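Shown next: work_38.txt, containing compact mmCIF, C-alpha atoms.
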# COMPACT_ATOMS: atom_id res chain seq x y z
CA MET A 1 16.91 39.85 -50.77
CA ALA A 2 16.39 42.04 -47.72
CA ARG A 3 13.03 41.62 -46.07
CA ALA A 4 11.18 44.91 -46.58
CA GLU A 5 10.80 47.07 -43.50
CA TYR A 6 9.36 50.50 -42.89
CA PRO A 7 11.87 53.32 -43.24
CA GLU A 8 13.71 54.01 -40.00
CA ALA A 9 11.73 57.18 -39.23
CA VAL A 10 8.46 55.23 -39.34
CA GLY A 11 9.90 52.60 -37.02
CA ALA A 12 11.00 55.31 -34.60
CA LEU A 13 7.55 56.90 -34.65
CA VAL A 14 5.88 53.52 -34.03
CA GLY A 15 8.33 53.00 -31.15
CA GLU A 16 7.34 56.28 -29.49
CA LEU A 17 3.61 55.70 -30.02
CA LYS A 18 3.86 52.17 -28.59
CA ARG A 19 5.02 53.65 -25.28
CA LEU A 20 1.73 55.51 -24.77
CA PRO A 21 -0.69 53.93 -22.28
CA GLY A 22 -3.30 51.72 -23.95
CA VAL A 23 -1.52 51.75 -27.31
CA GLY A 24 -0.22 48.33 -28.34
CA PRO A 25 2.20 47.50 -31.17
CA ARG A 26 -0.63 47.08 -33.72
CA SER A 27 -2.39 50.34 -32.84
CA ALA A 28 0.94 52.15 -32.81
CA GLU A 29 1.59 50.98 -36.37
CA ARG A 30 -1.95 51.89 -37.42
CA ILE A 31 -1.68 55.37 -35.89
CA ALA A 32 1.76 56.00 -37.42
CA ILE A 33 0.55 55.02 -40.90
CA TRP A 34 -2.55 57.15 -40.48
CA LEU A 35 -0.45 60.11 -39.38
CA LEU A 36 1.74 59.77 -42.46
CA GLN A 37 -0.86 58.91 -45.07
CA HIS A 38 -4.27 60.25 -44.15
CA PRO A 39 -5.13 63.53 -45.84
CA ARG A 40 -6.70 64.87 -42.64
CA ALA A 41 -3.79 63.83 -40.42
CA GLU A 42 -1.70 66.65 -39.01
CA PRO A 43 1.38 65.12 -37.41
CA LEU A 44 3.08 68.50 -37.11
CA ALA A 45 0.09 69.95 -35.25
CA LEU A 46 0.36 67.06 -32.80
CA ALA A 47 4.10 67.66 -32.45
CA GLU A 48 3.39 71.33 -31.83
CA ALA A 49 0.71 70.56 -29.21
CA LEU A 50 3.18 68.26 -27.41
CA HIS A 51 5.78 70.99 -27.34
CA ALA A 52 3.34 73.65 -26.16
CA ALA A 53 1.87 71.46 -23.43
CA LYS A 54 5.29 70.34 -22.22
CA GLU A 55 6.52 73.92 -22.13
CA THR A 56 3.57 75.67 -20.51
CA VAL A 57 1.92 73.10 -18.25
CA ILE A 58 3.19 72.37 -14.77
CA SER A 59 1.77 70.87 -11.58
CA CYS A 60 0.45 73.52 -9.19
CA GLU A 61 2.73 73.48 -6.16
CA VAL A 62 -0.21 73.97 -3.84
CA CYS A 63 -2.94 71.64 -5.09
CA GLY A 64 -1.12 69.42 -7.58
CA PHE A 65 -3.60 70.08 -10.40
CA PHE A 66 -2.42 71.20 -13.82
CA ALA A 67 -1.46 74.82 -13.96
CA THR A 68 0.43 77.19 -16.21
CA ARG A 69 3.54 78.94 -14.95
CA GLU A 70 1.43 82.05 -14.38
CA SER A 71 -1.51 80.68 -12.44
CA CYS A 72 -3.54 77.74 -11.18
CA GLY A 73 -7.19 77.94 -12.24
CA ILE A 74 -8.33 76.44 -8.96
CA CYS A 75 -6.05 77.93 -6.29
CA ASP A 76 -6.29 81.42 -7.80
CA ASP A 77 -10.10 81.45 -7.95
CA PRO A 78 -11.28 83.68 -5.05
CA LYS A 79 -14.86 82.41 -5.39
CA ARG A 80 -13.92 78.91 -4.26
CA ASP A 81 -14.71 77.99 -0.67
CA ALA A 82 -11.40 77.89 1.24
CA ALA A 83 -13.05 76.02 4.11
CA VAL A 84 -13.47 72.74 2.19
CA LEU A 85 -10.56 70.74 0.89
CA CYS A 86 -11.18 67.71 -1.31
CA VAL A 87 -8.35 65.16 -1.34
CA VAL A 88 -8.12 63.11 -4.55
CA GLU A 89 -5.63 60.58 -5.85
CA GLN A 90 -4.75 62.05 -9.21
CA ALA A 91 -4.99 65.40 -10.94
CA THR A 92 -7.28 63.62 -13.40
CA ASP A 93 -9.84 63.02 -10.64
CA VAL A 94 -10.50 66.75 -10.35
CA LEU A 95 -12.44 67.28 -13.57
CA PRO A 96 -14.99 64.48 -12.99
CA LEU A 97 -15.77 66.05 -9.59
CA GLU A 98 -16.00 69.50 -11.19
CA ARG A 99 -18.37 68.16 -13.83
CA SER A 100 -20.66 66.86 -11.08
CA GLY A 101 -21.14 70.50 -10.07
CA ALA A 102 -21.48 69.39 -6.43
CA PHE A 103 -18.21 70.80 -5.12
CA LYS A 104 -17.17 74.43 -4.81
CA GLY A 105 -14.09 74.11 -2.63
CA ARG A 106 -10.43 73.49 -3.31
CA TYR A 107 -8.55 70.32 -4.13
CA HIS A 108 -5.46 68.49 -3.05
CA CYS A 109 -4.06 65.90 -5.45
CA LEU A 110 -1.95 63.26 -3.71
CA GLY A 111 -0.32 62.06 -6.89
CA GLY A 112 -1.25 58.44 -6.26
CA LYS A 113 -2.44 56.06 -3.58
CA LEU A 114 -0.64 53.79 -1.14
CA SER A 115 0.22 50.56 -2.85
CA PRO A 116 2.97 48.36 -1.42
CA LEU A 117 2.82 46.12 -4.51
CA ASP A 118 3.70 49.06 -6.76
CA ARG A 119 6.13 50.32 -4.13
CA VAL A 120 4.13 53.48 -3.45
CA SER A 121 4.62 54.45 0.19
CA PRO A 122 3.51 57.62 2.06
CA GLU A 123 6.75 59.40 1.14
CA ASP A 124 5.81 59.16 -2.54
CA LEU A 125 2.55 61.09 -2.05
CA ARG A 126 2.01 64.81 -1.53
CA ILE A 127 1.11 64.30 2.13
CA PRO A 128 3.44 66.88 3.78
CA ALA A 129 1.94 69.57 1.51
CA LEU A 130 -1.55 68.46 2.59
CA ILE A 131 -0.63 68.72 6.28
CA SER A 132 0.84 72.22 5.82
CA ARG A 133 -2.35 73.33 4.09
CA ILE A 134 -4.50 71.96 6.92
CA ASP A 135 -2.21 73.44 9.60
CA ALA A 136 -2.34 76.83 7.88
CA ALA A 137 -6.15 76.83 7.82
CA ARG A 138 -8.66 76.84 10.66
CA ASP A 139 -11.55 74.50 11.14
CA ILE A 140 -11.72 73.26 7.58
CA GLU A 141 -13.48 70.18 6.26
CA VAL A 142 -11.23 67.65 4.58
CA ILE A 143 -13.22 65.43 2.22
CA LEU A 144 -11.43 62.20 1.35
CA ALA A 145 -12.49 61.45 -2.22
CA LEU A 146 -10.27 58.47 -2.96
CA GLY A 147 -11.23 55.39 -4.93
CA ALA A 148 -13.27 52.58 -3.39
CA ASP A 149 -10.62 49.97 -4.20
CA VAL A 150 -8.25 48.38 -1.69
CA GLU A 151 -5.46 50.94 -2.17
CA GLY A 152 -7.90 53.85 -2.05
CA GLU A 153 -9.36 52.53 1.20
CA ALA A 154 -5.92 52.02 2.70
CA THR A 155 -4.91 55.54 1.74
CA SER A 156 -8.12 56.99 3.23
CA ASN A 157 -7.53 55.14 6.49
CA TYR A 158 -3.90 56.21 6.61
CA LEU A 159 -4.83 59.88 6.08
CA ALA A 160 -7.69 59.76 8.59
CA ASP A 161 -5.27 58.42 11.23
CA LEU A 162 -2.70 61.04 10.35
CA LEU A 163 -5.14 63.95 10.48
CA ARG A 164 -6.90 62.97 13.68
CA GLY A 165 -6.25 65.65 16.29
CA LYS A 166 -5.72 68.39 13.72
CA ASP A 167 -8.08 71.34 13.58
CA CYS A 168 -10.21 69.85 10.80
CA ARG A 169 -13.30 67.73 10.22
CA ILE A 170 -12.62 64.63 8.13
CA THR A 171 -15.35 63.24 5.89
CA ARG A 172 -15.34 60.82 3.01
CA ILE A 173 -17.48 60.50 -0.09
CA ALA A 174 -20.28 57.94 0.07
CA GLN A 175 -20.07 54.43 -1.28
CA GLY A 176 -23.25 52.77 -2.55
CA LEU A 177 -25.34 52.07 -5.62
CA PRO A 178 -24.11 53.93 -8.70
CA ALA A 179 -26.73 56.20 -10.29
CA GLY A 180 -28.89 54.25 -12.71
CA GLY A 181 -27.70 50.91 -11.34
CA GLY A 182 -30.15 48.28 -10.18
CA LEU A 183 -29.64 46.07 -7.14
CA ASP A 184 -29.36 43.06 -9.42
CA HIS A 185 -26.14 44.40 -10.92
CA ALA A 186 -24.54 45.50 -7.66
CA ASP A 187 -21.99 43.23 -6.01
CA GLU A 188 -22.24 42.20 -2.37
CA LEU A 189 -19.64 44.64 -1.11
CA THR A 190 -21.36 47.58 -2.80
CA LEU A 191 -24.70 46.57 -1.26
CA MET A 192 -23.08 46.14 2.14
CA ARG A 193 -21.59 49.65 1.90
CA ALA A 194 -24.91 51.03 0.62
CA LEU A 195 -26.73 49.55 3.61
CA GLU A 196 -24.10 50.72 6.09
CA GLY A 197 -24.30 54.22 4.63
CA ARG A 198 -28.11 54.45 4.61
CA ARG A 199 -29.58 57.86 5.41
CA ALA A 200 -32.90 59.10 6.75
CA PHE A 201 -35.40 59.55 3.91
CA MET B 1 -16.67 80.30 -9.37
CA ALA B 2 -15.33 79.14 -12.73
CA ARG B 3 -15.53 75.41 -13.24
CA ALA B 4 -11.95 74.13 -13.32
CA GLU B 5 -10.64 73.04 -16.69
CA TYR B 6 -7.29 71.80 -17.89
CA PRO B 7 -4.96 74.57 -19.07
CA GLU B 8 -5.47 75.40 -22.74
CA ALA B 9 -2.33 73.60 -23.87
CA VAL B 10 -3.56 70.34 -22.32
CA GLY B 11 -6.92 70.77 -24.05
CA ALA B 12 -5.17 71.34 -27.37
CA LEU B 13 -3.04 68.22 -26.89
CA VAL B 14 -6.11 66.14 -26.02
CA GLY B 15 -7.79 67.55 -29.14
CA GLU B 16 -4.95 66.42 -31.40
CA LEU B 17 -4.70 62.97 -29.76
CA LYS B 18 -8.46 62.46 -30.10
CA ARG B 19 -8.13 62.71 -33.88
CA LEU B 20 -5.90 59.61 -34.05
CA PRO B 21 -7.62 56.42 -35.22
CA GLY B 22 -8.82 54.24 -32.36
CA VAL B 23 -8.25 56.93 -29.73
CA GLY B 24 -11.45 58.16 -28.09
CA PRO B 25 -11.92 61.22 -25.86
CA ARG B 26 -11.17 59.25 -22.67
CA SER B 27 -8.00 57.61 -24.00
CA ALA B 28 -6.86 60.94 -25.43
CA GLU B 29 -7.16 62.52 -21.99
CA ARG B 30 -5.41 59.57 -20.38
CA ILE B 31 -2.55 59.67 -22.90
CA ALA B 32 -2.15 63.46 -22.58
CA ILE B 33 -1.96 63.27 -18.80
CA TRP B 34 0.49 60.39 -18.99
CA LEU B 35 2.65 62.34 -21.43
CA LEU B 36 2.74 65.31 -19.06
CA GLN B 37 3.05 63.53 -15.75
CA HIS B 38 4.68 60.15 -16.09
CA PRO B 39 8.40 60.13 -15.31
CA ARG B 40 9.10 57.81 -18.24
CA ALA B 41 7.03 59.83 -20.73
CA GLU B 42 8.98 61.65 -23.40
CA PRO B 43 6.59 63.96 -25.21
CA LEU B 44 9.39 65.80 -26.95
CA ALA B 45 10.82 62.54 -28.31
CA LEU B 46 7.38 61.79 -29.76
CA ALA B 47 7.21 65.28 -31.25
CA GLU B 48 10.67 64.77 -32.74
CA ALA B 49 9.70 61.38 -34.20
CA LEU B 50 6.63 62.97 -35.80
CA HIS B 51 8.76 65.66 -37.37
CA ALA B 52 11.40 63.24 -38.60
CA ALA B 53 8.85 60.82 -40.07
CA LYS B 54 6.88 63.59 -41.74
CA GLU B 55 10.04 65.07 -43.22
CA THR B 56 11.78 61.95 -44.47
CA VAL B 57 9.06 59.46 -45.34
CA ILE B 58 7.23 59.54 -48.68
CA SER B 59 5.23 57.09 -50.77
CA CYS B 60 7.36 55.38 -53.41
CA GLU B 61 6.13 56.64 -56.78
CA VAL B 62 6.51 53.19 -58.30
CA CYS B 63 5.11 50.76 -55.74
CA GLY B 64 3.32 53.02 -53.26
CA PHE B 65 5.11 51.57 -50.22
CA PHE B 66 6.85 53.83 -47.72
CA ALA B 67 10.17 55.13 -48.92
CA THR B 68 12.66 57.81 -48.05
CA ARG B 69 13.45 60.55 -50.56
CA GLU B 70 16.62 58.67 -51.45
CA SER B 71 15.35 55.18 -52.04
CA CYS B 72 12.58 52.58 -51.81
CA GLY B 73 13.69 49.46 -49.94
CA ILE B 74 11.61 47.25 -52.21
CA CYS B 75 11.94 48.75 -55.71
CA ASP B 76 15.69 49.32 -55.31
CA ASP B 77 16.44 45.75 -54.17
CA PRO B 78 18.01 43.99 -57.18
CA LYS B 79 17.53 40.57 -55.56
CA ARG B 80 13.75 40.77 -55.81
CA ASP B 81 12.10 38.85 -58.63
CA ALA B 82 10.92 41.41 -61.19
CA ALA B 83 8.71 38.80 -62.85
CA VAL B 84 6.17 38.68 -60.01
CA LEU B 85 4.08 41.66 -58.96
CA CYS B 86 1.87 41.43 -55.90
CA VAL B 87 -1.05 43.88 -55.85
CA VAL B 88 -2.22 44.86 -52.36
CA GLU B 89 -4.73 47.38 -51.07
CA GLN B 90 -2.61 49.36 -48.66
CA ALA B 91 1.06 49.96 -47.99
CA THR B 92 0.40 48.37 -44.60
CA ASP B 93 -0.43 45.05 -46.28
CA VAL B 94 3.16 44.69 -47.49
CA LEU B 95 4.84 43.87 -44.17
CA PRO B 96 2.46 41.01 -43.24
CA LEU B 97 3.22 39.39 -46.62
CA GLU B 98 6.95 39.99 -46.11
CA ARG B 99 6.78 38.40 -42.68
CA SER B 100 5.23 35.28 -44.22
CA GLY B 101 8.53 34.88 -46.11
CA ALA B 102 6.60 33.36 -49.03
CA PHE B 103 7.02 36.19 -51.51
CA LYS B 104 10.21 37.43 -53.12
CA GLY B 105 8.80 39.68 -55.84
CA ARG B 106 7.73 43.30 -55.98
CA TYR B 107 4.61 45.02 -54.76
CA HIS B 108 2.04 47.45 -56.03
CA CYS B 109 -0.06 49.25 -53.42
CA LEU B 110 -3.38 50.46 -54.79
CA GLY B 111 -3.97 52.89 -51.93
CA GLY B 112 -7.42 51.46 -51.19
CA LYS B 113 -10.15 49.28 -52.64
CA LEU B 114 -13.24 50.03 -54.70
CA SER B 115 -16.04 51.05 -52.38
CA PRO B 116 -18.99 53.01 -53.78
CA LEU B 117 -20.29 53.59 -50.23
CA ASP B 118 -17.09 55.38 -49.25
CA ARG B 119 -16.98 57.02 -52.68
CA VAL B 120 -13.80 55.23 -53.70
CA SER B 121 -13.90 54.69 -57.46
CA PRO B 122 -11.17 53.38 -59.83
CA GLU B 123 -9.81 56.91 -60.35
CA ASP B 124 -8.94 57.10 -56.66
CA LEU B 125 -6.66 54.05 -56.83
CA ARG B 126 -3.16 53.73 -58.27
CA ILE B 127 -4.43 51.72 -61.24
CA PRO B 128 -2.82 53.68 -64.12
CA ALA B 129 0.58 53.22 -62.44
CA LEU B 130 -0.13 49.47 -62.20
CA ILE B 131 -0.99 49.26 -65.91
CA SER B 132 2.18 51.13 -66.90
CA ARG B 133 4.26 48.73 -64.83
CA ILE B 134 2.63 45.71 -66.46
CA ASP B 135 2.93 47.23 -69.94
CA ALA B 136 6.62 47.94 -69.35
CA ALA B 137 7.28 44.34 -68.29
CA ARG B 138 7.03 41.12 -70.27
CA ASP B 139 5.20 38.00 -69.25
CA ILE B 140 4.96 38.78 -65.56
CA GLU B 141 2.70 37.19 -62.98
CA VAL B 142 0.32 39.60 -61.27
CA ILE B 143 -0.84 38.22 -57.93
CA LEU B 144 -4.01 39.86 -56.64
CA ALA B 145 -3.61 39.85 -52.85
CA LEU B 146 -6.63 41.89 -51.87
CA GLY B 147 -8.90 41.28 -48.91
CA ALA B 148 -11.60 38.61 -48.96
CA ASP B 149 -14.35 41.11 -48.13
CA VAL B 150 -16.93 42.46 -50.61
CA GLU B 151 -14.87 45.49 -51.63
CA GLY B 152 -11.70 43.43 -51.96
CA GLU B 153 -13.51 40.93 -54.19
CA ALA B 154 -15.01 43.70 -56.31
CA THR B 155 -11.59 45.29 -56.73
CA SER B 156 -10.02 41.94 -57.68
CA ASN B 157 -12.73 41.33 -60.29
CA TYR B 158 -12.37 44.84 -61.67
CA LEU B 159 -8.59 44.48 -62.01
CA ALA B 160 -8.86 40.99 -63.54
CA ASP B 161 -11.22 42.36 -66.21
CA LEU B 162 -8.97 45.32 -66.85
CA LEU B 163 -5.79 43.25 -67.18
CA ARG B 164 -7.22 40.52 -69.37
CA GLY B 165 -5.46 40.60 -72.76
CA LYS B 166 -2.31 42.16 -71.33
CA ASP B 167 0.96 40.24 -71.46
CA CYS B 168 0.63 38.91 -67.90
CA ARG B 169 -0.67 35.96 -65.93
CA ILE B 170 -3.21 36.92 -63.29
CA THR B 171 -3.48 34.87 -60.09
CA ARG B 172 -5.04 35.53 -56.73
CA ILE B 173 -4.16 34.39 -53.24
CA ALA B 174 -6.14 31.46 -51.89
CA GLN B 175 -9.17 31.71 -49.65
CA GLY B 176 -9.87 28.92 -47.17
CA LEU B 177 -9.37 27.82 -43.59
CA PRO B 178 -7.05 30.09 -41.63
CA ALA B 179 -4.01 28.32 -40.17
CA GLY B 180 -4.86 26.80 -36.81
CA GLY B 181 -8.59 27.17 -37.38
CA GLY B 182 -10.92 24.21 -37.04
CA LEU B 183 -13.91 23.55 -39.29
CA ASP B 184 -16.23 24.21 -36.39
CA HIS B 185 -15.17 27.86 -36.24
CA ALA B 186 -15.25 28.52 -39.98
CA ASP B 187 -18.28 30.24 -41.50
CA GLU B 188 -20.15 28.80 -44.49
CA LEU B 189 -18.61 31.12 -47.03
CA THR B 190 -15.07 30.28 -45.89
CA LEU B 191 -15.84 26.56 -46.13
CA MET B 192 -17.40 27.04 -49.57
CA ARG B 193 -14.26 28.86 -50.75
CA ALA B 194 -12.04 26.23 -49.12
CA LEU B 195 -13.90 23.47 -50.98
CA GLU B 196 -13.86 25.35 -54.28
CA GLY B 197 -10.14 25.96 -53.93
CA ARG B 198 -9.23 22.36 -52.99
CA ARG B 199 -5.94 21.06 -54.36
CA ALA B 200 -4.48 17.67 -55.12
CA PHE B 201 -2.85 16.17 -52.03
Entire entry expressed as structure tokens:
Amino acid sequence: MARAEYPEAVGALVGELKRLPGVGPRSAERIAIWLLQHPRAEPLALAEALHAAKETVISCEVCGFFATRESCGICDDPKRDAAVLCVVEQATDVLPLERSGAFKGRYHCLGGKLSPLDRVSPEDLRIPALISRIDAARDIEVILALGADVEGEATSNYLADLLRGKDCRITRIAQGLPAGGGLDHADELTLMRALEGRRAF
Amino acid sequence: MARAEYPEAVGALVGELKRLPGVGPRSAERIAIWLLQHPRAEPLALAEALHAAKETVISCEVCGFFATRESCGICDDPKRDAAVLCVVEQATDVLPLERSGAFKGRYHCLGGKLSPLDRVSPEDLRIPALISRIDAARDIEVILALGADVEGEATSNYLADLLRGKDCRITRIAQGLPAGGGLDHADELTLMRALEGRRAF
């Protein structure tokens, strides 16, 4: 007697789903079964969306955010302030900043952060493109909006060193208490940074 | 200034991913971005797997497990014992039982369990097909292998009532301590069932 297995096509689908970030073998199986059995599942619509996204979406050559072949929603917007450039790690960091409503300038996505452990060195980031943008502009403000983790800090320091002497002001986003967070839940490092960064009231 | 958004095709992909079970809005965004940006991502392979699975995989009309249009790996296996029929809730319950290696018979997937709250009544389950199979056989053993939750119990009781008087023996899988579990971690109901189901040593 052969031990029963899913048909090959199900196995292949589970295999592809398992490769997605945050999807383990169990979830992959659960999703595959759902896609094939649930009346509201639309596997072909998902397949179509994958095709369409793969075909039409590219990285903007200027800012690194998602763009279509025709245009980049950020770089092509004349209402954005060309005198402020916000440097972020990933294209996915742009929308959270946009949702805050506090930034009206342009972005530059590095495509990662320096991390020797993951073998990410300066050559792997979009740093030359950043320098050309700064060189091409005059007296702009470069806001470093990288993460507050070790690699983010290292990347910020590296960029600050690199940009010193250029015709730009370098700032960085504040570190401190998160909104809604009490002092009792903040760790020592956060409180230290919050104290260091205190402002006149 | 328009607030930046992902290109439409990315939004559509996130929308489809968000519909998958266990994938929330954040994970959907994360998966979509990974699919579009990661060098090892293969969105078109996933799309292809979805197409292939949707096109080739069906539910076996006899047992309800996954089958291709040509054959059902379980029903078409002549080495399986036709005198034992294991009734499970879902097609996904078959592989765990197969992996246990303790069952060599055939299966019948009900496609769910009785659950008035979710409006699942006997008509929604593959019960007529089960009765035809039992009527067509002689002196078979029907093993009820449904879950040990309230709905699983209700479904087992309903089926036991329905099958009484037919030419079949009805059994159910044991409830008790899970393998590797100590008494200190077992709840009262599990211990009660374990005591009730005690066997000669």
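Residue nearest chain A, chosen from B:Glu61, B:Ala160, B:Pro39, B:Gly101 and counting all atoms listed in the file: B:Gly101.
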Using all atoms listed in the file, which chain B residues lie at most 8 Å away from chain A, written as a ChimeraX atom specification? /B:1-7,9-10,12-13,16-17,19-22,27,30-31,33-36,41,43-54,56-57,66-68,73-74,77-80,92,95,98-99,104
Scan for residues within 9 Å of the point (-9.2, 65.5, -0.2) in the coordinates of the file, using only C-alpha atoms, and reply as a PDB file with C-alpha atoms, in the coordinates of the input.
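Done, and the output landed in selection.pdb:
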ATOM      1  CA  VAL A  84     -13.470  72.740   2.190  1.00  0.00           C
ATOM      2  CA  LEU A  85     -10.560  70.740   0.890  1.00  0.00           C
ATOM      3  CA  CYS A  86     -11.180  67.710  -1.310  1.00  0.00           C
ATOM      4  CA  VAL A  87      -8.350  65.160  -1.340  1.00  0.00           C
ATOM      5  CA  VAL A  88      -8.120  63.110  -4.550  1.00  0.00           C
ATOM      6  CA  GLU A  89      -5.630  60.580  -5.850  1.00  0.00           C
ATOM      7  CA  ARG A 106     -10.430  73.490  -3.310  1.00  0.00           C
ATOM      8  CA  TYR A 107      -8.550  70.320  -4.130  1.00  0.00           C
ATOM      9  CA  HIS A 108      -5.460  68.490  -3.050  1.00  0.00           C
ATOM     10  CA  CYS A 109      -4.060  65.900  -5.450  1.00  0.00           C
ATOM     11  CA  LEU A 110      -1.950  63.260  -3.710  1.00  0.00           C
ATOM     12  CA  LEU A 130      -1.550  68.460   2.590  1.00  0.00           C
ATOM     13  CA  VAL A 142     -11.230  67.650   4.580  1.00  0.00           C
ATOM     14  CA  ILE A 143     -13.220  65.430   2.220  1.00  0.00           C
ATOM     15  CA  LEU A 144     -11.430  62.200   1.350  1.00  0.00           C
ATOM     16  CA  ALA A 145     -12.490  61.450  -2.220  1.00  0.00           C
ATOM     17  CA  LEU A 146     -10.270  58.470  -2.960  1.00  0.00           C
ATOM     18  CA  THR A 171     -15.350  63.240   5.890  1.00  0.00           C
ATOM     19  CA  ARG A 172     -15.340  60.820   3.010  1.00  0.00           C
TER      20      ARG A 172
END
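Note that the spacing between CA of Arg169 in chain B and CA of Ile140 in chain B amounts to 6.3 Å.
Here CA of Val120 in chain B stands at a distance of 13.2 Å from CA of Tyr158 in chain B.
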Using only C-alpha atoms and a cutoff of 7 Å, can you tell me which residues are near (-6.2, 56.9, -0.6) in the file's coordinates, and write them out as an mmCIF file with C-alpha atoms, in the frame of the given file?
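Ended up saving to result.cif:
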data_model
loop_
_atom_site.group_PDB
_atom_site.id
_atom_site.type_symbol
_atom_site.label_atom_id
_atom_site.label_comp_id
_atom_site.auth_asym_id
_atom_site.auth_seq_id
_atom_site.Cartn_x
_atom_site.Cartn_y
_atom_site.Cartn_z
ATOM 1 C CA GLU A 89 -5.630 60.580 -5.850
ATOM 2 C CA LYS A 113 -2.440 56.060 -3.580
ATOM 3 C CA LEU A 114 -0.640 53.790 -1.140
ATOM 4 C CA LEU A 146 -10.270 58.470 -2.960
ATOM 5 C CA GLY A 147 -11.230 55.390 -4.930
ATOM 6 C CA GLU A 151 -5.460 50.940 -2.170
ATOM 7 C CA GLY A 152 -7.900 53.850 -2.050
ATOM 8 C CA GLU A 153 -9.360 52.530 1.200
ATOM 9 C CA ALA A 154 -5.920 52.020 2.700
ATOM 10 C CA THR A 155 -4.910 55.540 1.740
ATOM 11 C CA SER A 156 -8.120 56.990 3.230
#
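The two atoms in question, CA of Leu177 in chain A and CA of Phe201 in chain A, are spaced 15.7 Å apart.
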